[in-house]
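Below is one structure, written out as structure tokens; the observations come after it.
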Amino acid sequence: MRESNWIWQFSQILNCEVEQLNEPISYFETNHIDKQLLVTGQYIYLNDHSYIIMDTTDEMVSSICLKHKQLTQSEAQLIRLLILPIDEQALVTNPTTNQFEQQIMKLGKWLDEKVETKQHNLAIPDELILGRQLYNEMIPVLLSADSQSAQSSTYQELDKLIKSFLSDEVIVIPLSLGEWLILAPITILKDDEFIDEDEQDSIELSIANLAYGLQELLANEWIWESHLAISYPVVPVKTIVSKVIALRETMLIGRKFHIGTNIHLQWDLQLERLLHMIPDQEREKYLEQSFKKTELFVESEMLNTLETFFNLDCNVSETAKKLYIHRNTLLYRLDKLKQETGLDVRLFRDAVLVKIILLLYKVTKTY
Amino acid sequence: MQMAGVRLEGIYKKYPGAEKASVTDVNLDIQDKEFLVLVGPSGCGKSTTLRMIAGLEEISEGKLYIGDRLVNDVAPKDRDIAMVFQSYALYPHMNVYQNMAFGLKLRKFKKADIDKRVREAAKILDIEHLLDRKPKALSGGQRQRVALGRAIVREPQVFLMDEPLSNLDAKLRGQMRAEISKLTKRLETTTIYVTHDQIEAMTMGDRIVVMKDGFIQQTASPEVLYNHPVNIFVAGFIGSPSMNFIDGSLAEVNGEVHFKAPGVDVVVPEGRASILRSKGYIGKEVVLGIRPEDLHEEPVFLEASPKTIVSANVDVAENLGHEMYLYLAGIGTGSVIARVDGRSTLRDGASVKLALDMNKAHLFDKETELNIFEN
């Protein structure tokens with residue numbers, strides 16, 4: 001196809017003016033487009049024009065410019081397919097620009113396969129080890145994002161975002177669609193003060209802070225709704241497969257039992273894990289047969305009261321304070337619960353049962 | 001700062017496998033610099049609508065414009081919006097300055113530009129003295145301010161706020177409500193705000209969109225919503241205590257239109273009566289809606305409105321100091337609330353005569369629940 005001919009055809013099909021342009025790199029940089037995004041095949045929407053990057057040198061960027069036109073992701077992909085040679089298309093869809101990234105992609109693919117087939121005890125084969133880092137203790141975080149825009153984001157963009165937030169030593173490994181494993185060196189907890197000064201010994205709190213920070217980063221900077229499952233530090237080279245299997249289970253259990261929560265901490269879900277092992281039918285039967293008036297537990301006021309009461313270790317005064325109610329109001333609510341269900345949550349034995357009922361209700365309600 | 005309106009044209013959201021759409025045919029034209037509040041009970045579709053504007057949810061049908069740009073297929077991060085969530089979590093390892101600067105750093109802004117924006121936002125939010133502090137050293141209200149600051153420095157076209165105050169205690173919520181209103185007026189940025197709290201909606205919004213079951217019920221200014229609700233749902237949802245509803249019927253007696261219900265026989269003013277006649281409501285069942293402040297016990301009202309007087313018994317009198325709520329029996333079949341002066345001497349069990357302000361009362365069609373005078 002002659003150049004002038006295809007440009008004309010493009011402009012007819014897309015109903016806009018199309019031009020082949022050579023712009024200095026500075027044009028994009030002054031408009032806050034990162035140099036790293038100026039790679040062959042990249043689609044950029046800037047100042048009401050759409051650009052598909054054809055080639056980039058140290059100073060100039062060659063592109064196809066569609067004036068006053070914004071493309072959908074699929075339109076951009078189709079144009080890419082039409083104008084780029086096959087080998088360059090492969091580069092765009094699998095954008096590994098250096099050897100390290102290629103290794104990461106291979107490791108991700110291997111890991112995903114082994115996790116799917118539940119090969120718990122496999123160590124990473126020598127040819128996939130990414131330098132010495134994987135021999136050190138790292139905090140494993142499983143990141144999952146459901147939205148289409150999250151799933152179509154490039155690996156480089158996410159890798160760059162997380163590294164600039166935490167540290168260049170972080171490793172981001174793509175697993176399945178919309179799922180990534182983030183390995184953060186344990187040193188960032190100390191260096192970046194995730195550790196709470198008042199609770200130096202609480203590794204759980206520091207790791208949870210890391211997860212909250214990551215979730216907030218994605219929500220704020222990219223408007224992503226993400227879920228994160230997080231666990232204690234591991235030496236990835238030996239235990240990475242079993243750790244990802246455990247994190248996927250944590251993610252599944254967390255999302256099932258705690259809808260509306262985005263951070264799933266492995267150590268916080270022990271009871272949920274146990275209940276998850278009980279078949280659905282058995283759970284429902286247990287609820288139906290063992291307790292009377294269980295619907296009282298899920299009235300929003302009672303539910304909120306009980307969850308706060310349990311979160312504050314069954315402390316009546318603290319719970320009343322947190323709920324902004326008088327201590328006697330709280331006692332009245334707890335007495336009412338006792339009267340109607342026979343369960344007094346101030347007693348350890350009954351508190352455990354009510355906690356279990358609340359958890360079971362959450363999952364049986366979703367069926 | 002670049003600014004823009006937001007336009008929703010025939011927006012639907014239907015989740016795969018769901019029988020009904022969660023959001024149905026939403027059409028809104030939100031003006032540049034406007035503060036629009038989406039309000040309604042839980043499950044009404046307000047958050048889903050906001051999430052579609054943000055790009056967190058895909059739009060099943062319809063068109064969404066930010067400024068003149070169609071953004072249905074634009075990734076959330078490229079929509080030039082800033083979202084303030086319920087959680088107001090901050091980046092725990094960064095101080096307040098770094099929290100606010102991080103997004104700009106990521107977008108490769110120059111250091112001097114970042115510094116200028118952060119300090120300006122800090123000044124507006126009155127958190128200049130906190131810039132070196134870590135989030136854990138801040139109170140709930142201060143954190144909320146920093147979260148707002150992080151959104152402000154980006155100078156987005158639109159702010160989206162999803163119940164940002166719901167995690168705060170009542171006192172702080174009141175304070176932050178006023179501060180957010182003041183802030184958005186000062187920044188002149190288009191803001192879309194979701195809440196289930198009708199007081200927040202009434203006090204903050206230039207316009208309010210009341211939603212129910214995925215449908216917009218009414219879009220109007222707070223004054224219009226309060227005084228001219230289009231249906232029973234809006235009338236009952238806006239206002240606290242809620243509007244009283246009395247089931248009854250209309251009858252023509254000696255050339256006057258009467259509203260009759262158990263314990264109630266009041267005359268409808270002539271201007272309104274002629275509307276009822278022309279619409280064929282005489283002899284039909286209707287619902288009378290009257291706000292608690294439109295029932296008067298003062299002698300001057302009773303003398304001036306002899307044809308709208310009802311008798312009732314006070315079940316409970318709640319004295320709030322500056323005003324008193326009377327929970328009344330004997331007006332229609334249910335309980336009716338009157339808001340009277342705090343100095344009233346009425347107590348539980350008392351008998352009382354009240355005049356209904358029929359110029360402010362509403363009549364609703366029993367079947368369609370639409371306001372007869374507003375439709």
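Residue numbers start at 1 in each chain; chains themselves are named A, B, ... in the order of the structure tokens; ligands are numbered from 1 in the order shown.
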
Would you tabulate, counting only C-alpha atoms, all residues of chain A that have an atom at most 10 Å from an atom of chain B, showing the closest pair of atoms and their distance in Å to one decimal, sorted by chain then ascending number, as JSON lines?
```
{"residue": "A:Glu29", "atom": "CA", "partner": "B:Lys108", "partner_atom": "CA", "distance": 8.3}
{"residue": "A:Thr30", "atom": "CA", "partner": "B:Phe109", "partner_atom": "CA", "distance": 8.9}
{"residue": "A:Asn31", "atom": "CA", "partner": "B:Lys108", "partner_atom": "CA", "distance": 9.2}
{"residue": "A:His32", "atom": "CA", "partner": "B:Lys108", "partner_atom": "CA", "distance": 5.8}
{"residue": "A:Ile33", "atom": "CA", "partner": "B:Arg107", "partner_atom": "CA", "distance": 7.6}
{"residue": "A:Asp34", "atom": "CA", "partner": "B:Lys108", "partner_atom": "CA", "distance": 7.4}
{"residue": "A:Tyr45", "atom": "CA", "partner": "B:Asp78", "partner_atom": "CA", "distance": 8.8}
{"residue": "A:Asp48", "atom": "CA", "partner": "B:Arg69", "partner_atom": "CA", "distance": 8.5}
{"residue": "A:Lys69", "atom": "CA", "partner": "B:Arg69", "partner_atom": "CA", "distance": 9.5}
{"residue": "A:Gln70", "atom": "CA", "partner": "B:Leu70", "partner_atom": "CA", "distance": 8.2}
{"residue": "A:Leu71", "atom": "CA", "partner": "B:Asp73", "partner_atom": "CA", "distance": 8.1}
{"residue": "A:Thr72", "atom": "CA", "partner": "B:Asp73", "partner_atom": "CA", "distance": 5.4}
{"residue": "A:Gln73", "atom": "CA", "partner": "B:Asp73", "partner_atom": "CA", "distance": 6.9}
{"residue": "A:Ser74", "atom": "CA", "partner": "B:Asp73", "partner_atom": "CA", "distance": 9.2}
{"residue": "A:Asp146", "atom": "CA", "partner": "B:Leu56", "partner_atom": "CA", "distance": 9.4}
{"residue": "A:Ser147", "atom": "CA", "partner": "B:Leu56", "partner_atom": "CA", "distance": 6.8}
{"residue": "A:Gln148", "atom": "CA", "partner": "B:Glu58", "partner_atom": "CA", "distance": 8.0}
{"residue": "A:Ser149", "atom": "CA", "partner": "B:Ala75", "partner_atom": "CA", "distance": 5.5}
{"residue": "A:Ala150", "atom": "CA", "partner": "B:Ala75", "partner_atom": "CA", "distance": 8.4}
{"residue": "A:Ser152", "atom": "CA", "partner": "B:Ala75", "partner_atom": "CA", "distance": 9.3}
{"residue": "A:Ser153", "atom": "CA", "partner": "B:Ala75", "partner_atom": "CA", "distance": 9.0}
{"residue": "A:Lys160", "atom": "CA", "partner": "B:Leu106", "partner_atom": "CA", "distance": 9.4}
{"residue": "A:Leu161", "atom": "CA", "partner": "B:Leu106", "partner_atom": "CA", "distance": 7.6}
{"residue": "A:Ser164", "atom": "CA", "partner": "B:Leu106", "partner_atom": "CA", "distance": 7.7}
{"residue": "A:Phe165", "atom": "CA", "partner": "B:Phe102", "partner_atom": "CA", "distance": 8.2}
{"residue": "A:Leu166", "atom": "CA", "partner": "B:His93", "partner_atom": "CA", "distance": 9.0}
{"residue": "A:Ile188", "atom": "CA", "partner": "B:His93", "partner_atom": "CA", "distance": 9.7}
{"residue": "A:Leu189", "atom": "CA", "partner": "B:His93", "partner_atom": "CA", "distance": 8.9}
{"residue": "A:Asp191", "atom": "CA", "partner": "B:His93", "partner_atom": "CA", "distance": 9.2}
{"residue": "A:Asp192", "atom": "CA", "partner": "B:His93", "partner_atom": "CA", "distance": 5.5}
{"residue": "A:Glu193", "atom": "CA", "partner": "B:His93", "partner_atom": "CA", "distance": 5.4}
{"residue": "A:Phe194", "atom": "CA", "partner": "B:His93", "partner_atom": "CA", "distance": 5.3}
{"residue": "A:Ile195", "atom": "CA", "partner": "B:His93", "partner_atom": "CA", "distance": 8.5}
{"residue": "A:Asp196", "atom": "CA", "partner": "B:Lys136", "partner_atom": "CA", "distance": 8.0}
{"residue": "A:Glu197", "atom": "CA", "partner": "B:Lys136", "partner_atom": "CA", "distance": 9.6}
{"residue": "A:Ser206", "atom": "CA", "partner": "B:Pro92", "partner_atom": "CA", "distance": 9.5}
{"residue": "A:Asn209", "atom": "CA", "partner": "B:Pro92", "partner_atom": "CA", "distance": 6.4}
{"residue": "A:Leu210", "atom": "CA", "partner": "B:Pro92", "partner_atom": "CA", "distance": 7.6}
{"residue": "A:Ala211", "atom": "CA", "partner": "B:Pro92", "partner_atom": "CA", "distance": 9.8}
{"residue": "A:Tyr212", "atom": "CA", "partner": "B:Ala89", "partner_atom": "CA", "distance": 7.4}
{"residue": "A:Gly213", "atom": "CA", "partner": "B:Tyr91", "partner_atom": "CA", "distance": 4.8}
{"residue": "A:Leu214", "atom": "CA", "partner": "B:Tyr91", "partner_atom": "CA", "distance": 7.9}
{"residue": "A:Gln215", "atom": "CA", "partner": "B:Ala89", "partner_atom": "CA", "distance": 9.1}
{"residue": "A:Glu216", "atom": "CA", "partner": "B:Ala89", "partner_atom": "CA", "distance": 6.5}
{"residue": "A:Leu217", "atom": "CA", "partner": "B:Tyr91", "partner_atom": "CA", "distance": 7.3}
{"residue": "A:Leu218", "atom": "CA", "partner": "B:Lys77", "partner_atom": "CA", "distance": 9.7}
{"residue": "A:Ala219", "atom": "CA", "partner": "B:Met83", "partner_atom": "CA", "distance": 8.2}
{"residue": "A:Asn220", "atom": "CA", "partner": "B:Met83", "partner_atom": "CA", "distance": 6.8}
{"residue": "A:Glu221", "atom": "CA", "partner": "B:Gly103", "partner_atom": "CA", "distance": 6.3}
{"residue": "A:Trp222", "atom": "CA", "partner": "B:Lys77", "partner_atom": "CA", "distance": 4.5}
{"residue": "A:Ile223", "atom": "CA", "partner": "B:Pro76", "partner_atom": "CA", "distance": 5.7}
{"residue": "A:Trp224", "atom": "CA", "partner": "B:Leu56", "partner_atom": "CA", "distance": 6.7}
{"residue": "A:Glu225", "atom": "CA", "partner": "B:Leu56", "partner_atom": "CA", "distance": 6.9}
{"residue": "A:Lys322", "atom": "CA", "partner": "B:Asp169", "partner_atom": "CA", "distance": 9.3}
{"residue": "A:Leu323", "atom": "CA", "partner": "B:Asp169", "partner_atom": "CA", "distance": 9.2}
{"residue": "A:Tyr324", "atom": "CA", "partner": "B:Asp169", "partner_atom": "CA", "distance": 8.2}
```

With C-alpha atoms retained, export the selected residues as a PDB file, in the first residue's frame.
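As a result, result_3.pdb now contains:
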```pdb
ATOM      1  CA  GLU A  29       7.964  15.337  27.787  1.00  0.00           C
ATOM      2  CA  THR A  30       6.668  18.851  28.346  1.00  0.00           C
ATOM      3  CA  ASN A  31       3.177  17.354  28.275  1.00  0.00           C
ATOM      4  CA  HIS A  32       4.161  14.940  31.058  1.00  0.00           C
ATOM      5  CA  ILE A  33       4.403  11.869  28.828  1.00  0.00           C
ATOM      6  CA  ASP A  34       7.122   9.661  30.180  1.00  0.00           C
ATOM      7  CA  TYR A  45      -3.911  10.559  23.621  1.00  0.00           C
ATOM      8  CA  ASP A  48      -7.142  16.136  21.727  1.00  0.00           C
ATOM      9  CA  LYS A  69      -9.854  12.028  17.526  1.00  0.00           C
ATOM     10  CA  GLN A  70      -9.787   9.787  20.534  1.00  0.00           C
ATOM     11  CA  LEU A  71      -9.442   6.056  19.936  1.00  0.00           C
ATOM     12  CA  THR A  72     -10.891   3.218  21.932  1.00  0.00           C
ATOM     13  CA  GLN A  73      -8.421   0.567  23.092  1.00  0.00           C
ATOM     14  CA  SER A  74      -9.634  -1.816  20.384  1.00  0.00           C
ATOM     15  CA  ASP A 146     -10.798  -7.069  38.029  1.00  0.00           C
ATOM     16  CA  SER A 147     -11.497  -4.070  35.829  1.00  0.00           C
ATOM     17  CA  GLN A 148     -10.824  -4.126  32.117  1.00  0.00           C
ATOM     18  CA  SER A 149      -8.603  -1.078  32.300  1.00  0.00           C
ATOM     19  CA  ALA A 150      -6.485  -2.747  34.979  1.00  0.00           C
ATOM     20  CA  SER A 152      -5.090  -3.976  29.826  1.00  0.00           C
ATOM     21  CA  SER A 153      -2.394  -1.948  31.576  1.00  0.00           C
ATOM     22  CA  LYS A 160       7.391   1.515  37.244  1.00  0.00           C
ATOM     23  CA  LEU A 161       4.554   2.758  39.463  1.00  0.00           C
ATOM     24  CA  SER A 164       8.724   4.494  42.333  1.00  0.00           C
ATOM     25  CA  PHE A 165       6.408   4.045  45.318  1.00  0.00           C
ATOM     26  CA  LEU A 166       8.460   1.477  47.213  1.00  0.00           C
ATOM     27  CA  ILE A 188      11.924  -1.575  52.960  1.00  0.00           C
ATOM     28  CA  LEU A 189      10.020  -2.065  56.184  1.00  0.00           C
ATOM     29  CA  ASP A 191      14.146   1.895  55.515  1.00  0.00           C
ATOM     30  CA  ASP A 192      10.793   3.380  54.681  1.00  0.00           C
ATOM     31  CA  GLU A 193       9.343   3.383  58.148  1.00  0.00           C
ATOM     32  CA  PHE A 194       6.365   1.174  57.550  1.00  0.00           C
ATOM     33  CA  ILE A 195       7.150   0.049  61.057  1.00  0.00           C
ATOM     34  CA  ASP A 196       5.145   1.838  63.660  1.00  0.00           C
ATOM     35  CA  GLU A 197       7.538   3.446  66.124  1.00  0.00           C
ATOM     36  CA  SER A 206       4.184  -3.128  59.255  1.00  0.00           C
ATOM     37  CA  ASN A 209       0.730  -0.929  56.325  1.00  0.00           C
ATOM     38  CA  LEU A 210       2.653  -1.854  53.209  1.00  0.00           C
ATOM     39  CA  ALA A 211      -0.483  -3.446  51.734  1.00  0.00           C
ATOM     40  CA  TYR A 212      -2.672  -0.470  52.659  1.00  0.00           C
ATOM     41  CA  GLY A 213      -0.146   1.850  51.056  1.00  0.00           C
ATOM     42  CA  LEU A 214      -0.137  -0.162  47.825  1.00  0.00           C
ATOM     43  CA  GLN A 215      -3.913  -0.291  47.683  1.00  0.00           C
ATOM     44  CA  GLU A 216      -4.122   3.443  48.263  1.00  0.00           C
ATOM     45  CA  LEU A 217      -1.501   4.061  45.588  1.00  0.00           C
ATOM     46  CA  LEU A 218      -3.484   2.140  42.961  1.00  0.00           C
ATOM     47  CA  ALA A 219      -6.792   3.680  44.018  1.00  0.00           C
ATOM     48  CA  ASN A 220      -5.465   7.227  43.938  1.00  0.00           C
ATOM     49  CA  GLU A 221      -3.043   7.334  41.113  1.00  0.00           C
ATOM     50  CA  TRP A 222      -4.734   4.953  38.708  1.00  0.00           C
ATOM     51  CA  ILE A 223      -8.297   4.736  40.102  1.00  0.00           C
ATOM     52  CA  TRP A 224      -7.955   0.989  40.319  1.00  0.00           C
ATOM     53  CA  GLU A 225      -9.999  -1.156  42.617  1.00  0.00           C
ATOM     54  CA  LYS A 322     -16.216   3.487  69.507  1.00  0.00           C
ATOM     55  CA  LEU A 323     -19.915   3.243  68.648  1.00  0.00           C
ATOM     56  CA  TYR A 324     -20.705   6.609  70.307  1.00  0.00           C
TER      57      TYR A 324
END
```

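Near Leu50 (chain B), within a cut-off of 9 Å and counting only C-alpha atoms, sit the residues B:Leu38, B:Gly45, B:Gly55, B:Leu56, B:Glu57, B:Leu160, B:Met161, B:Asp162, B:Ile192, B:Tyr193, B:Val194, with same-chain residues fewer than 5 positions away left out.
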
Contacts of region 252-268 of chain A at 6 Å (only C-alpha atoms; same-chain gap of 6+ positions) as a PyMOL selection string: chain A and resi 227-231+362-363

Write to file, as a PDB file, in the first residue's frame, the residues of the selection just made, with all heavy atoms.
```
ATOM      1  N   HIS A 227      -7.401  -5.824  44.927  1.00  0.00           N
ATOM      2  CA  HIS A 227      -7.387  -6.652  46.127  1.00  0.00           C
ATOM      3  C   HIS A 227      -5.959  -7.128  46.335  1.00  0.00           C
ATOM      4  O   HIS A 227      -5.277  -7.480  45.374  1.00  0.00           O
ATOM      5  CB  HIS A 227      -8.313  -7.854  45.955  1.00  0.00           C
ATOM      6  CG  HIS A 227      -9.751  -7.486  46.093  1.00  0.00           C
ATOM      7  ND1 HIS A 227     -10.443  -7.621  47.269  1.00  0.00           N
ATOM      8  CD2 HIS A 227     -10.627  -6.953  45.212  1.00  0.00           C
ATOM      9  CE1 HIS A 227     -11.682  -7.196  47.109  1.00  0.00           C
ATOM     10  NE2 HIS A 227     -11.828  -6.784  45.853  1.00  0.00           N
ATOM     11  N   LEU A 228      -5.541  -7.124  47.596  1.00  0.00           N
ATOM     12  CA  LEU A 228      -4.187  -7.583  47.882  1.00  0.00           C
ATOM     13  C   LEU A 228      -4.221  -8.650  48.961  1.00  0.00           C
ATOM     14  O   LEU A 228      -4.872  -8.464  49.990  1.00  0.00           O
ATOM     15  CB  LEU A 228      -3.312  -6.418  48.348  1.00  0.00           C
ATOM     16  CG  LEU A 228      -3.041  -5.354  47.289  1.00  0.00           C
ATOM     17  CD1 LEU A 228      -3.704  -4.051  47.664  1.00  0.00           C
ATOM     18  CD2 LEU A 228      -1.564  -5.142  47.107  1.00  0.00           C
ATOM     19  N   ALA A 229      -3.532  -9.762  48.679  1.00  0.00           N
ATOM     20  CA  ALA A 229      -3.347 -10.779  49.718  1.00  0.00           C
ATOM     21  C   ALA A 229      -1.885 -10.729  50.100  1.00  0.00           C
ATOM     22  O   ALA A 229      -1.007 -10.618  49.242  1.00  0.00           O
ATOM     23  CB  ALA A 229      -3.714 -12.147  49.180  1.00  0.00           C
ATOM     24  N   ILE A 230      -1.636 -10.777  51.385  1.00  0.00           N
ATOM     25  CA  ILE A 230      -0.261 -10.564  51.845  1.00  0.00           C
ATOM     26  C   ILE A 230       0.069 -11.534  52.972  1.00  0.00           C
ATOM     27  O   ILE A 230      -0.817 -11.968  53.705  1.00  0.00           O
ATOM     28  CB  ILE A 230      -0.064  -9.077  52.255  1.00  0.00           C
ATOM     29  CG1 ILE A 230       1.401  -8.714  52.382  1.00  0.00           C
ATOM     30  CG2 ILE A 230      -0.818  -8.733  53.515  1.00  0.00           C
ATOM     31  CD1 ILE A 230       1.669  -7.223  52.286  1.00  0.00           C
ATOM     32  N   SER A 231       1.362 -11.861  53.052  1.00  0.00           N
ATOM     33  CA  SER A 231       1.753 -12.879  54.027  1.00  0.00           C
ATOM     34  C   SER A 231       3.098 -12.529  54.648  1.00  0.00           C
ATOM     35  O   SER A 231       3.679 -11.500  54.331  1.00  0.00           O
ATOM     36  CB  SER A 231       1.816 -14.215  53.283  1.00  0.00           C
ATOM     37  OG  SER A 231       2.290 -15.207  54.123  1.00  0.00           O
ATOM     38  N   LYS A 362     -22.200 -14.663  56.465  1.00  0.00           N
ATOM     39  CA  LYS A 362     -21.645 -13.885  55.357  1.00  0.00           C
ATOM     40  C   LYS A 362     -21.502 -14.741  54.113  1.00  0.00           C
ATOM     41  O   LYS A 362     -21.750 -14.280  53.008  1.00  0.00           O
ATOM     42  CB  LYS A 362     -20.276 -13.324  55.742  1.00  0.00           C
ATOM     43  CG  LYS A 362     -20.366 -12.135  56.641  1.00  0.00           C
ATOM     44  CD  LYS A 362     -19.005 -11.586  56.918  1.00  0.00           C
ATOM     45  CE  LYS A 362     -19.068 -10.480  57.939  1.00  0.00           C
ATOM     46  NZ  LYS A 362     -17.755 -10.020  58.330  1.00  0.00           N
ATOM     47  N   VAL A 363     -21.072 -16.001  54.280  1.00  0.00           N
ATOM     48  CA  VAL A 363     -20.896 -16.822  53.075  1.00  0.00           C
ATOM     49  C   VAL A 363     -22.176 -17.480  52.608  1.00  0.00           C
ATOM     50  O   VAL A 363     -22.396 -17.618  51.415  1.00  0.00           O
ATOM     51  CB  VAL A 363     -19.792 -17.893  53.219  1.00  0.00           C
ATOM     52  CG1 VAL A 363     -18.457 -17.289  52.953  1.00  0.00           C
ATOM     53  CG2 VAL A 363     -19.826 -18.573  54.548  1.00  0.00           C
TER      54      VAL A 363
END
```

message: When you count only C-alpha atoms, which of these residues is closest to Asn328 (chain A): A:Asn15, A:Asn311, A:Val316, A:Gln20?
response: A:Val316

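Those residues in region 213-349 of chain B carrying a DSSP assignment of alpha helix (DSSP H), computed from the backbone, are Pro222, Glu223, Val224, Leu225, Tyr226, Asn227, Ile232, Phe233, Val234, Ala235, Gly236, Phe237, Glu270, Gly271, Arg272, Ala273, Ser274, Ile275, Leu276, Arg277, Ser278, Pro299, Val300, Phe301, Leu302, Glu303 and Ala304 of chain B.
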
message: At a cut-off of 10 Å, using only C-alpha atoms, what residues contact Leu64 (chain B)? Leave out same-chain residues fewer than 4 positions from it and give the result as number ranges by chain.
response: B: 6-11, 27-28, 52-53, 59, 68-73

So which residues touch Leu181 (chain A) within 7 Å, counting only C-alpha atoms, skipping near sequence neighbours fewer than 6 positions away, as a PDB file with N, CA and C atoms, in the first residue's frame?
```pdb
ATOM      1  N   PRO A 140       5.860 -11.302  50.188  1.00  0.00           N
ATOM      2  CA  PRO A 140       5.070 -11.596  48.990  1.00  0.00           C
ATOM      3  C   PRO A 140       3.685 -10.952  49.060  1.00  0.00           C
ATOM      4  N   VAL A 141       3.310 -10.251  48.004  1.00  0.00           N
ATOM      5  CA  VAL A 141       1.987  -9.625  47.930  1.00  0.00           C
ATOM      6  C   VAL A 141       1.346 -10.074  46.617  1.00  0.00           C
ATOM      7  N   LEU A 142       0.142 -10.615  46.717  1.00  0.00           N
ATOM      8  CA  LEU A 142      -0.572 -10.980  45.500  1.00  0.00           C
ATOM      9  C   LEU A 142      -1.549  -9.858  45.196  1.00  0.00           C
ATOM     10  N   LEU A 143      -1.414  -9.283  43.998  1.00  0.00           N
ATOM     11  CA  LEU A 143      -2.275  -8.162  43.596  1.00  0.00           C
ATOM     12  C   LEU A 143      -3.244  -8.634  42.525  1.00  0.00           C
ATOM     13  N   VAL A 172       8.173  -7.223  40.352  1.00  0.00           N
ATOM     14  CA  VAL A 172       6.763  -7.426  40.012  1.00  0.00           C
ATOM     15  C   VAL A 172       6.696  -8.523  38.953  1.00  0.00           C
ATOM     16  N   ILE A 173       5.958  -9.584  39.260  1.00  0.00           N
ATOM     17  CA  ILE A 173       5.876 -10.718  38.328  1.00  0.00           C
ATOM     18  C   ILE A 173       4.434 -10.879  37.855  1.00  0.00           C
ATOM     19  N   PRO A 174       4.186 -10.758  36.533  1.00  0.00           N
ATOM     20  CA  PRO A 174       2.816 -10.951  36.060  1.00  0.00           C
ATOM     21  C   PRO A 174       2.443 -12.428  36.105  1.00  0.00           C
ATOM     22  N   LEU A 175       1.246 -12.720  36.633  1.00  0.00           N
ATOM     23  CA  LEU A 175       0.809 -14.131  36.673  1.00  0.00           C
ATOM     24  C   LEU A 175      -0.290 -14.300  35.623  1.00  0.00           C
TER      25      LEU A 175
END
```

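From CA of His296 (chain B) back to CA of Asp348 (chain B), the distance works out to 17.3 Å.
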
As a tab-separated table (two decimals) with N, CA and C atoms, in the first residue's frame, please: the residues near region 24-27 of chain A (cut-off 12 Å, only C-alpha atoms, same-chain neighbours under 5 positions excluded).
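Saved to out.tsv:
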```
chain	number	residue	atom	x	y	z
A	32	HIS	N	4.13	15.95	30.00
A	32	HIS	CA	4.16	14.94	31.06
A	32	HIS	C	3.97	13.51	30.54
A	33	ILE	N	4.41	13.26	29.31
A	33	ILE	CA	4.40	11.87	28.83
A	33	ILE	C	5.80	11.31	29.07
A	34	ASP	N	5.84	10.24	29.82
A	34	ASP	CA	7.12	9.66	30.18
A	34	ASP	C	7.84	9.12	28.94
A	35	LYS	N	9.15	9.35	28.88
A	35	LYS	CA	9.96	8.89	27.74
A	35	LYS	C	9.81	7.37	27.55
A	36	GLN	N	9.67	6.68	28.68
A	36	GLN	CA	9.58	5.20	28.59
A	36	GLN	C	8.33	4.74	27.85
A	37	LEU	N	7.33	5.63	27.75
A	37	LEU	CA	6.11	5.24	27.04
A	37	LEU	C	6.25	5.44	25.53
A	38	LEU	N	7.31	6.13	25.12
A	38	LEU	CA	7.46	6.44	23.69
A	38	LEU	C	8.11	5.27	22.96
A	39	VAL	N	7.45	4.13	23.00
A	39	VAL	CA	7.99	2.93	22.34
A	39	VAL	C	7.08	2.57	21.17
A	46	LEU	N	-3.22	12.87	23.47
A	46	LEU	CA	-2.61	14.08	24.01
A	46	LEU	C	-3.17	15.30	23.30
A	47	ASN	N	-3.58	16.28	24.06
A	47	ASN	CA	-4.10	17.55	23.51
A	47	ASN	C	-5.13	17.31	22.41
A	53	ILE	N	2.78	5.53	18.19
A	53	ILE	CA	4.23	5.73	18.02
A	53	ILE	C	4.77	4.69	17.03
A	55	ASP	N	8.31	5.06	15.75
A	55	ASP	CA	9.73	4.88	16.01
A	55	ASP	C	10.21	6.01	16.92
A	56	THR	N	11.21	5.72	17.73
A	56	THR	CA	11.75	6.76	18.61
A	56	THR	C	13.27	6.75	18.54
A	57	THR	N	13.87	7.92	18.34
A	57	THR	CA	15.34	8.03	18.44
A	57	THR	C	15.63	8.84	19.71
A	58	ASP	N	16.89	9.22	19.89
A	58	ASP	CA	17.23	9.98	21.10
A	58	ASP	C	16.50	11.32	21.16
A	59	GLU	N	16.24	11.88	19.97
A	59	GLU	CA	15.66	13.23	19.96
A	59	GLU	C	14.26	13.31	19.37
A	60	MET	N	13.96	12.40	18.43
A	60	MET	CA	12.71	12.55	17.69
A	60	MET	C	11.77	11.35	17.88
A	61	VAL	N	10.49	11.65	17.74
A	61	VAL	CA	9.48	10.58	17.81
A	61	VAL	C	8.68	10.60	16.51
A	62	SER	N	8.67	9.48	15.83
A	62	SER	CA	7.87	9.40	14.61
A	62	SER	C	6.54	8.72	14.96
A	63	SER	N	5.45	9.31	14.49
A	63	SER	CA	4.15	8.76	14.89
A	63	SER	C	3.10	8.96	13.80
```

field: Among listed residues B:His129, B:Asp80, B:Val352, B:Met211, nearest Glu155 (chain B) (using only C-alpha atoms)
entry: B:Asp80

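These are the residues of region 43-127 of chain A assigned strand (DSSP E) by DSSP from backbone coordinates: Tyr43, Ile44, Tyr45, Leu46, His49, Ser50, Tyr51, Ile52, Ile53, Met54, Asp55, Thr56, Met60, Val61, Ser62, Ser63, Ile64, Cys65 and Leu66 of chain A.
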